[in-house]
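Visitor: Can you read through this structure? Questions will come right after.
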Amino acid sequence: MEKIRVELGERSYEILIDSGILSSIGERLLRYSVGKKIAIVSNPKVAELYADRVVNSLKKEDFDVSLILIPDGEAYKDYFWAYHILTKLLEIGFDRKSCLIALGGGVVGDITGFVASLYMRGIAYIQIPTTLLAQVDSSVGGKTAVNHSLGKNMIGTFWQPSLVWIDVDTLNSLPEREFLSGIAEVIKYGIIWDKDFYELLEKNKNKILNRDKHCLIKIIKRSCEIKSEIVSRDERESSLRAILNYGHSIGHALETVTDYCSYLHGEAISIGMVYEARLSEMLGFLNKEEFERIRKIFKEYGLPVDIPSVLDRSELIRAVLLDKKNLEGKIRIVIPEGIGKMKINFEVKVEDLMRVINE
Ligand code: NAD
Ligand code: GLY
């Protein structure tokens with residue numbers, strides 16, 4: 001089993017990664033000082049595939065387990081469904097020692113973490129991420145959120161999990177598009193932090209795309225190590241953590257103008273990373289060869305790299321201007337100076353952004 005420790009003082013926790021460990025969560029939980037009441041939050045699709053294994057493993061160790069389902073989809077990561085979960089917890093008599101488990105992708109993980117941070121002013125929760133994106137990104141770092149009708153992830157808290165339990169076998173049932181969406185975040189770690197890792201991703205494309213178990217464990221581990229290192233140094237995103245937003249300024253804008261219907265998150269940030277790299281090349285920070293290399297890796301993994309010609313450019317630029325990372329009217333963006341080397345909070349001029357988006 002691979003182990004990574006997220007160092008955050010008294011809020012430190014472990015990320016454990018292996019294959020076939022879903023049904024040993026009960027045994028593992030005995031080592032934690034949690035009470036006997038556990039509630040698993042999931043959605044019908046993931047629950048049908050994996051809830052039995054988790055429930056049985058917990059029952060075997062005498063935990064008192066409830067299953068709370070929310071509908072599948074980003075649209076349900078909202079205050080109403082968070083309230084629904086809170087109501088269920090009150091009904092089943094959850095107390096301060098009780099523990100929540102998020103079993104699912106980033107949607108389930110974000111709303112469960114949000115509820116855990118609110119219930120009785122905060123209780124423990126465990127992340128069991130079942131999408132690649134959740135395994136390498138959303139389950140680690142303690143950002144929790146629900147969406148508001150006026151903006152995605154606008155209502156949220158920082159609330160770290162007590163454990164992240166990653167079973168790579170859950171990826172066997174993940175649809176190809178969802179898998180590739182997670183790969184975009186994995187490639188992001190190579191660009192923002194680790195050139196050797198980037199090269200490993202270039203060289204092992206076939207194994208990764210064939211979901212070779214050992215290779216998956218290796219790339220998930222390295223991704224989690226990089227995210228842990230960043231979060232440990234800057235939990236609340238006062239500076240360094242912003243590096244994780246590479247590709248997200250243009251990526252989020254693309255998701256917004258297409259009403260979250262055309263792109264999965266990883267697809268949108270794949271395009272975002274390519275355009276933000278091009279911006280860096282245009283401004284003379286990134287050399288042409290490295291820009292081409294960045295574009296090529298996303299393309300070779302089957303991820304989109306171009307903004308479709310039918311998309312209204314001015315609407316897209318307006319959406320970038322509304323990004324919550326901007327401050328005091330200035331567009332702040334993360335751009336690569338080279339593979340493994342970034343400029344954080346770079347203030348970009350609207351006309352430069354327009355040039356790149358209009359290309
Ligand atoms: P998701 O949770 O919607 O899951 C994608 C789809 O895959 C869903 O239909 C889900 O039911 C299904 N699914 C999940 N696991 C499966 C499995 N093993 N087999 C088959 N199907 C499975 O999407 P996601 O990409 O995991 O997460 C996106 C969410 O994560 C967004 O809400 C985003 O805002 C959030 N996010 C949060 C952070 C953070 O730091 N908190 C970081 C990145 C993204
Ligand atoms: N996914 C961005 C972050 O965790 O900061």
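Residue numbers start at 1 in each chain; chains themselves are named A, B, ... in the order of the structure tokens; ligands are numbered from 1 in the order shown.
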Give me the residues within 12 Å of Glu176 in chain A as a list in words, counting only C-alpha atoms and dropping any in the same chain fewer than 3 places off.

Guide: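 In the requested form, the answer reads Thr131, Leu132, Leu171, Asn172, Ser173, Phe179, Leu180, Ser181, Gly182, Ile183, Ile208, Leu209, Asn210, Arg211, Leu264, Tyr301, Gly302 and Leu303 of chain A.
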
Visitor: If the limit is 6 Å from any atom of ligand 1, counting only C-alpha atoms and all ligand atoms, which residues qualify? Return them as a PDB file with N, CA and C atoms, in the first residue's frame.

Guide:
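The resulting pocket-v1.pdb:
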```pdb
ATOM      1  N   LYS A  45     -25.602   5.711  -8.873  1.00  0.00           N
ATOM      2  CA  LYS A  45     -24.710   4.994  -9.792  1.00  0.00           C
ATOM      3  C   LYS A  45     -23.524   4.382  -9.054  1.00  0.00           C
ATOM      4  N   VAL A  46     -22.853   5.183  -8.245  1.00  0.00           N
ATOM      5  CA  VAL A  46     -21.667   4.695  -7.529  1.00  0.00           C
ATOM      6  C   VAL A  46     -22.085   3.716  -6.437  1.00  0.00           C
ATOM      7  N   ASP A  72     -27.284  11.961  -9.043  1.00  0.00           N
ATOM      8  CA  ASP A  72     -25.987  12.059  -9.720  1.00  0.00           C
ATOM      9  C   ASP A  72     -25.924  13.329 -10.562  1.00  0.00           C
ATOM     10  N   GLY A  73     -24.898  14.141 -10.365  1.00  0.00           N
ATOM     11  CA  GLY A  73     -24.710  15.303 -11.259  1.00  0.00           C
ATOM     12  C   GLY A  73     -24.331  16.565 -10.513  1.00  0.00           C
ATOM     13  N   GLU A  74     -23.618  17.422 -11.246  1.00  0.00           N
ATOM     14  CA  GLU A  74     -23.148  18.705 -10.704  1.00  0.00           C
ATOM     15  C   GLU A  74     -24.317  19.570 -10.220  1.00  0.00           C
ATOM     16  N   GLY A 104     -17.600   8.471  -3.930  1.00  0.00           N
ATOM     17  CA  GLY A 104     -17.979   8.944  -5.263  1.00  0.00           C
ATOM     18  C   GLY A 104     -16.935   9.862  -5.857  1.00  0.00           C
ATOM     19  N   GLY A 105     -17.363  10.625  -6.852  1.00  0.00           N
ATOM     20  CA  GLY A 105     -16.455  11.575  -7.508  1.00  0.00           C
ATOM     21  C   GLY A 105     -16.389  12.886  -6.745  1.00  0.00           C
ATOM     22  N   GLY A 106     -15.921  13.915  -7.447  1.00  0.00           N
ATOM     23  CA  GLY A 106     -15.736  15.219  -6.805  1.00  0.00           C
ATOM     24  C   GLY A 106     -17.028  15.851  -6.314  1.00  0.00           C
ATOM     25  N   VAL A 107     -18.142  15.565  -6.977  1.00  0.00           N
ATOM     26  CA  VAL A 107     -19.416  16.154  -6.552  1.00  0.00           C
ATOM     27  C   VAL A 107     -19.777  15.652  -5.154  1.00  0.00           C
ATOM     28  N   VAL A 108     -19.748  14.335  -5.003  1.00  0.00           N
ATOM     29  CA  VAL A 108     -20.067  13.736  -3.701  1.00  0.00           C
ATOM     30  C   VAL A 108     -19.032  14.173  -2.650  1.00  0.00           C
ATOM     31  N   ASP A 110     -17.154  16.929  -2.535  1.00  0.00           N
ATOM     32  CA  ASP A 110     -17.267  18.354  -2.162  1.00  0.00           C
ATOM     33  C   ASP A 110     -18.458  18.604  -1.234  1.00  0.00           C
ATOM     34  N   THR A 130     -13.833   7.916  -6.217  1.00  0.00           N
ATOM     35  CA  THR A 130     -13.982   6.828  -7.198  1.00  0.00           C
ATOM     36  C   THR A 130     -13.794   7.291  -8.642  1.00  0.00           C
ATOM     37  N   THR A 131     -13.496   8.585  -8.855  1.00  0.00           N
ATOM     38  CA  THR A 131     -13.103   9.019 -10.213  1.00  0.00           C
ATOM     39  C   THR A 131     -11.619   9.366 -10.145  1.00  0.00           C
ATOM     40  N   LEU A 133     -10.268  12.019 -11.328  1.00  0.00           N
ATOM     41  CA  LEU A 133     -10.158  13.435 -10.958  1.00  0.00           C
ATOM     42  C   LEU A 133     -10.241  13.603  -9.435  1.00  0.00           C
ATOM     43  N   ALA A 134     -11.153  12.871  -8.823  1.00  0.00           N
ATOM     44  CA  ALA A 134     -11.292  12.994  -7.368  1.00  0.00           C
ATOM     45  C   ALA A 134     -10.085  12.378  -6.659  1.00  0.00           C
ATOM     46  N   ASP A 137      -7.149  14.937  -7.192  1.00  0.00           N
ATOM     47  CA  ASP A 137      -7.338  16.370  -6.933  1.00  0.00           C
ATOM     48  C   ASP A 137      -8.348  16.653  -5.831  1.00  0.00           C
ATOM     49  N   SER A 138      -9.650  16.458  -6.128  1.00  0.00           N
ATOM     50  CA  SER A 138     -10.656  17.028  -5.223  1.00  0.00           C
ATOM     51  C   SER A 138     -10.702  16.397  -3.834  1.00  0.00           C
ATOM     52  N   LYS A 143     -10.685  21.555   0.265  1.00  0.00           N
ATOM     53  CA  LYS A 143     -11.616  22.569  -0.257  1.00  0.00           C
ATOM     54  C   LYS A 143     -12.968  21.890  -0.395  1.00  0.00           C
ATOM     55  N   THR A 144     -13.984  22.436   0.271  1.00  0.00           N
ATOM     56  CA  THR A 144     -15.329  21.867   0.151  1.00  0.00           C
ATOM     57  C   THR A 144     -16.217  22.952  -0.446  1.00  0.00           C
ATOM     58  N   THR A 170     -11.583   0.944  -8.506  1.00  0.00           N
ATOM     59  CA  THR A 170     -12.852   1.626  -8.826  1.00  0.00           C
ATOM     60  C   THR A 170     -12.774   2.288 -10.207  1.00  0.00           C
ATOM     61  N   LEU A 171     -11.551   2.510 -10.688  1.00  0.00           N
ATOM     62  CA  LEU A 171     -11.416   3.166 -11.999  1.00  0.00           C
ATOM     63  C   LEU A 171     -11.796   2.228 -13.149  1.00  0.00           C
ATOM     64  N   SER A 173     -14.512   0.820 -13.706  1.00  0.00           N
ATOM     65  CA  SER A 173     -15.878   1.060 -14.204  1.00  0.00           C
ATOM     66  C   SER A 173     -16.071   2.491 -14.703  1.00  0.00           C
ATOM     67  N   LEU A 174     -15.009   3.297 -14.637  1.00  0.00           N
ATOM     68  CA  LEU A 174     -15.149   4.719 -14.997  1.00  0.00           C
ATOM     69  C   LEU A 174     -15.202   4.895 -16.523  1.00  0.00           C
TER      70      LEU A 174
END
```

Visitor: Please return, as a ChimeraX atom specification, all residues of range 203-338 of chain A that DSSP assigns to strand (DSSP E) on the basis of the backbone.

Guide: /A:331-338

Visitor: Which residues of chain A come within 8 Å of ligand 2, and what is each one's closest atom pair and distance in Å (one decimal), counting only C-alpha atoms and all ligand atoms, sorted by chain and residue number, as JSON lines?

Guide:
```
{"residue": "A:Asp137", "atom": "CA", "partner": "ligand 2", "partner_atom_place_in_ligand_line": "1 (N)", "distance": 5.8}
{"residue": "A:Ser138", "atom": "CA", "partner": "ligand 2", "partner_atom_place_in_ligand_line": "1 (N)", "distance": 5.9}
{"residue": "A:Val140", "atom": "CA", "partner": "ligand 2", "partner_atom_place_in_ligand_line": "4 (O)", "distance": 7.1}
{"residue": "A:Gly141", "atom": "CA", "partner": "ligand 2", "partner_atom_place_in_ligand_line": "4 (O)", "distance": 5.6}
{"residue": "A:Gly142", "atom": "CA", "partner": "ligand 2", "partner_atom_place_in_ligand_line": "4 (O)", "distance": 7.4}
{"residue": "A:Lys143", "atom": "CA", "partner": "ligand 2", "partner_atom_place_in_ligand_line": "4 (O)", "distance": 6.0}
{"residue": "A:Lys227", "atom": "CA", "partner": "ligand 2", "partner_atom_place_in_ligand_line": "4 (O)", "distance": 7.7}
{"residue": "A:Val231", "atom": "CA", "partner": "ligand 2", "partner_atom_place_in_ligand_line": "5 (O)", "distance": 7.6}
{"residue": "A:Glu237", "atom": "CA", "partner": "ligand 2", "partner_atom_place_in_ligand_line": "5 (O)", "distance": 6.9}
{"residue": "A:Arg241", "atom": "CA", "partner": "ligand 2", "partner_atom_place_in_ligand_line": "5 (O)", "distance": 5.7}
{"residue": "A:Ala242", "atom": "CA", "partner": "ligand 2", "partner_atom_place_in_ligand_line": "5 (O)", "distance": 6.6}
{"residue": "A:Leu244", "atom": "CA", "partner": "ligand 2", "partner_atom_place_in_ligand_line": "2 (C)", "distance": 5.2}
{"residue": "A:Asn245", "atom": "CA", "partner": "ligand 2", "partner_atom_place_in_ligand_line": "2 (C)", "distance": 6.0}
```

Visitor: I need the residues of range 131-225 of chain A that end up classed as alpha helix (DSSP H) by DSSP on the backbone, written out as a PyMOL selection string.

Guide: chain A and resi 132-133+176-193+195-203+205-209+213-225

Visitor: So which one's closest to Gly20 in chain A, A:Val54, A:Ile230, A:Ile317, A:Ala116? Using only C-alpha atoms, please.

Guide: A:Val54

Visitor: Could you check which of A:Thr87, A:Arg355, A:Gly26, A:Tyr79 is closest to Ser57 in chain A, using only C-alpha atoms?

Guide: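 Of A:Thr87, A:Arg355, A:Gly26, A:Tyr79, the one nearest Ser57 in chain A is A:Gly26, counting only C-alpha atoms.
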
Visitor: Looking at A:Arg121, A:Lys77, A:Arg278, A:Lys343, which one is nearest to His148 in chain A, with distances taken over only C-alpha atoms?

Guide: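 Smallest separation from His148 in chain A among the options: A:Lys77.
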
Visitor: For CA of Ala51 in chain A and CA of Pro129 in chain A, determine how far apart the two atoms are, in Å to one decimal place.

Guide: 12.4 Å

Visitor: Name the closest residue to Ile187 in chain A among the candidates A:Lys296, A:Lys152, A:Lys88, A:His214; distances are taken between atoms, counting only C-alpha atoms.

Guide: A:Lys296

Visitor: Fewer than 3 positions away in the same chain doesn't count, so skip those; otherwise give me all residues within 12 Å of Thr112 in chain A, counting only C-alpha atoms, as a VMD selection string.

Guide: chain A and resid 39 to 43 68 to 70 77 to 79 81 to 86 89 99 to 109 115 to 119 122 to 129 138 to 139 142 to 146 156 to 157 159 to 161

Visitor: Restricted to N, CA and C atoms, what would the selected residues look like written as a short mmCIF file (atom, residue, chain, number, x, y, z; two decimals), in the first residue's frame?

Guide:
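Output contents, as saved in again12.cif:
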```
data_model
loop_
_atom_site.label_atom_id
_atom_site.label_comp_id
_atom_site.auth_asym_id
_atom_site.auth_seq_id
_atom_site.Cartn_x
_atom_site.Cartn_y
_atom_site.Cartn_z
N ALA A 39 -22.08 7.49 8.35
CA ALA A 39 -23.01 7.65 7.22
C ALA A 39 -22.21 7.81 5.94
N ILE A 40 -22.58 6.99 4.95
CA ILE A 40 -21.91 7.06 3.65
C ILE A 40 -22.77 7.92 2.73
N VAL A 41 -22.16 8.95 2.14
CA VAL A 41 -22.89 9.75 1.15
C VAL A 41 -22.41 9.31 -0.23
N SER A 42 -23.38 9.05 -1.11
CA SER A 42 -23.01 8.60 -2.46
C SER A 42 -24.13 8.97 -3.42
N ASN A 43 -24.01 8.51 -4.67
CA ASN A 43 -25.15 8.69 -5.59
C ASN A 43 -25.56 7.30 -6.08
N ILE A 68 -26.69 7.49 2.59
CA ILE A 68 -27.49 8.66 2.17
C ILE A 68 -27.19 8.93 0.70
N LEU A 69 -28.22 8.89 -0.13
CA LEU A 69 -27.98 9.10 -1.56
C LEU A 69 -28.45 10.49 -2.01
N ILE A 70 -27.66 11.08 -2.91
CA ILE A 70 -28.09 12.31 -3.58
C ILE A 70 -28.10 11.99 -5.08
N LYS A 77 -25.07 19.44 -6.53
CA LYS A 77 -24.09 19.88 -5.53
C LYS A 77 -24.52 21.28 -5.10
N ASP A 78 -25.64 21.30 -4.36
CA ASP A 78 -26.14 22.63 -3.98
C ASP A 78 -26.60 22.63 -2.52
N TYR A 79 -27.06 23.82 -2.09
CA TYR A 79 -27.42 23.99 -0.70
C TYR A 79 -28.59 23.10 -0.30
N TRP A 81 -29.40 20.08 -1.38
CA TRP A 81 -29.01 18.69 -1.10
C TRP A 81 -28.08 18.61 0.11
N ALA A 82 -27.32 19.67 0.37
CA ALA A 82 -26.51 19.69 1.60
C ALA A 82 -27.46 19.69 2.80
N TYR A 83 -28.52 20.48 2.71
CA TYR A 83 -29.52 20.55 3.78
C TYR A 83 -30.19 19.18 3.97
N HIS A 84 -30.45 18.53 2.85
CA HIS A 84 -31.07 17.19 2.90
C HIS A 84 -30.17 16.22 3.69
N ILE A 85 -28.87 16.27 3.41
CA ILE A 85 -27.94 15.37 4.12
C ILE A 85 -27.92 15.73 5.61
N LEU A 86 -27.87 17.04 5.90
CA LEU A 86 -27.85 17.48 7.31
C LEU A 86 -29.10 16.97 8.04
N LEU A 89 -28.77 13.36 8.89
CA LEU A 89 -27.84 13.13 10.00
C LEU A 89 -28.53 13.39 11.34
N CYS A 99 -19.03 9.86 11.99
CA CYS A 99 -18.12 10.14 10.87
C CYS A 99 -18.84 9.96 9.53
N LEU A 100 -18.57 10.88 8.63
CA LEU A 100 -19.15 10.79 7.28
C LEU A 100 -18.14 10.16 6.33
N ILE A 101 -18.64 9.45 5.34
CA ILE A 101 -17.76 8.94 4.28
C ILE A 101 -18.31 9.42 2.94
N ALA A 102 -17.44 10.02 2.12
CA ALA A 102 -17.84 10.41 0.76
C ALA A 102 -17.41 9.31 -0.18
N LEU A 103 -18.38 8.63 -0.79
CA LEU A 103 -18.07 7.55 -1.73
C LEU A 103 -18.53 8.00 -3.13
N GLY A 104 -17.60 8.47 -3.93
CA GLY A 104 -17.98 8.94 -5.26
C GLY A 104 -16.94 9.86 -5.86
N GLY A 105 -17.36 10.63 -6.85
CA GLY A 105 -16.45 11.57 -7.51
C GLY A 105 -16.39 12.89 -6.75
N GLY A 106 -15.92 13.92 -7.45
CA GLY A 106 -15.74 15.22 -6.80
C GLY A 106 -17.03 15.85 -6.31
N VAL A 107 -18.14 15.57 -6.98
CA VAL A 107 -19.42 16.15 -6.55
C VAL A 107 -19.78 15.65 -5.15
N VAL A 108 -19.75 14.33 -5.00
CA VAL A 108 -20.07 13.74 -3.70
C VAL A 108 -19.03 14.17 -2.65
N GLY A 109 -17.76 14.20 -3.05
CA GLY A 109 -16.69 14.59 -2.11
C GLY A 109 -16.85 16.01 -1.62
N VAL A 115 -20.82 19.46 4.24
CA VAL A 115 -21.74 19.09 5.32
C VAL A 115 -20.95 18.75 6.59
N ALA A 116 -19.84 18.01 6.43
CA ALA A 116 -19.02 17.64 7.60
C ALA A 116 -18.52 18.89 8.32
N SER A 117 -18.22 19.93 7.56
CA SER A 117 -17.68 21.15 8.19
C SER A 117 -18.76 21.92 8.95
N LEU A 118 -20.04 21.66 8.61
CA LEU A 118 -21.14 22.42 9.23
C LEU A 118 -21.80 21.68 10.39
N TYR A 119 -21.93 20.35 10.26
CA TYR A 119 -22.71 19.61 11.24
C TYR A 119 -22.09 19.72 12.63
N GLY A 122 -18.72 20.97 12.90
CA GLY A 122 -17.61 20.23 12.27
C GLY A 122 -17.38 18.85 12.84
N ILE A 123 -17.53 17.83 11.97
CA ILE A 123 -17.25 16.45 12.37
C ILE A 123 -16.25 15.83 11.36
N ALA A 124 -15.79 14.64 11.68
CA ALA A 124 -14.80 13.98 10.82
C ALA A 124 -15.45 13.45 9.54
N TYR A 125 -14.67 13.42 8.47
CA TYR A 125 -15.13 12.74 7.26
C TYR A 125 -13.95 12.10 6.54
N ILE A 126 -14.31 11.07 5.77
CA ILE A 126 -13.31 10.30 5.03
C ILE A 126 -13.66 10.37 3.56
N GLN A 127 -12.64 10.55 2.74
CA GLN A 127 -12.86 10.58 1.30
C GLN A 127 -12.54 9.21 0.71
N ILE A 128 -13.53 8.61 0.02
CA ILE A 128 -13.24 7.42 -0.80
C ILE A 128 -13.55 7.83 -2.25
N PRO A 129 -12.58 8.45 -2.92
CA PRO A 129 -12.83 8.96 -4.27
C PRO A 129 -12.87 7.85 -5.30
N SER A 138 -9.65 16.46 -6.13
CA SER A 138 -10.66 17.03 -5.22
C SER A 138 -10.70 16.40 -3.83
N SER A 139 -10.25 15.13 -3.69
CA SER A 139 -10.35 14.50 -2.36
C SER A 139 -9.24 14.96 -1.42
N GLY A 142 -8.87 19.62 1.24
CA GLY A 142 -9.86 20.20 2.13
C GLY A 142 -10.69 21.34 1.59
N LYS A 143 -10.69 21.55 0.27
CA LYS A 143 -11.62 22.57 -0.26
C LYS A 143 -12.97 21.89 -0.40
N THR A 144 -13.98 22.44 0.27
CA THR A 144 -15.33 21.87 0.15
C THR A 144 -16.22 22.95 -0.45
N ALA A 145 -17.28 22.56 -1.11
CA ALA A 145 -18.14 23.59 -1.70
C ALA A 145 -19.47 23.03 -2.18
N VAL A 146 -20.44 23.95 -2.26
CA VAL A 146 -21.65 23.69 -3.06
C VAL A 146 -21.79 24.86 -4.03
N GLY A 156 -18.55 27.71 0.31
CA GLY A 156 -17.70 26.59 0.73
C GLY A 156 -16.85 26.89 1.94
N THR A 157 -16.11 25.87 2.32
CA THR A 157 -15.27 25.98 3.52
C THR A 157 -13.94 25.26 3.25
N TRP A 159 -12.07 22.38 5.00
CA TRP A 159 -12.28 21.39 6.07
C TRP A 159 -11.59 20.09 5.63
N GLN A 160 -10.49 19.78 6.29
CA GLN A 160 -9.68 18.64 5.84
C GLN A 160 -10.31 17.30 6.23
N PRO A 161 -10.20 16.30 5.35
CA PRO A 161 -10.68 14.95 5.72
C PRO A 161 -9.75 14.32 6.76
#
```
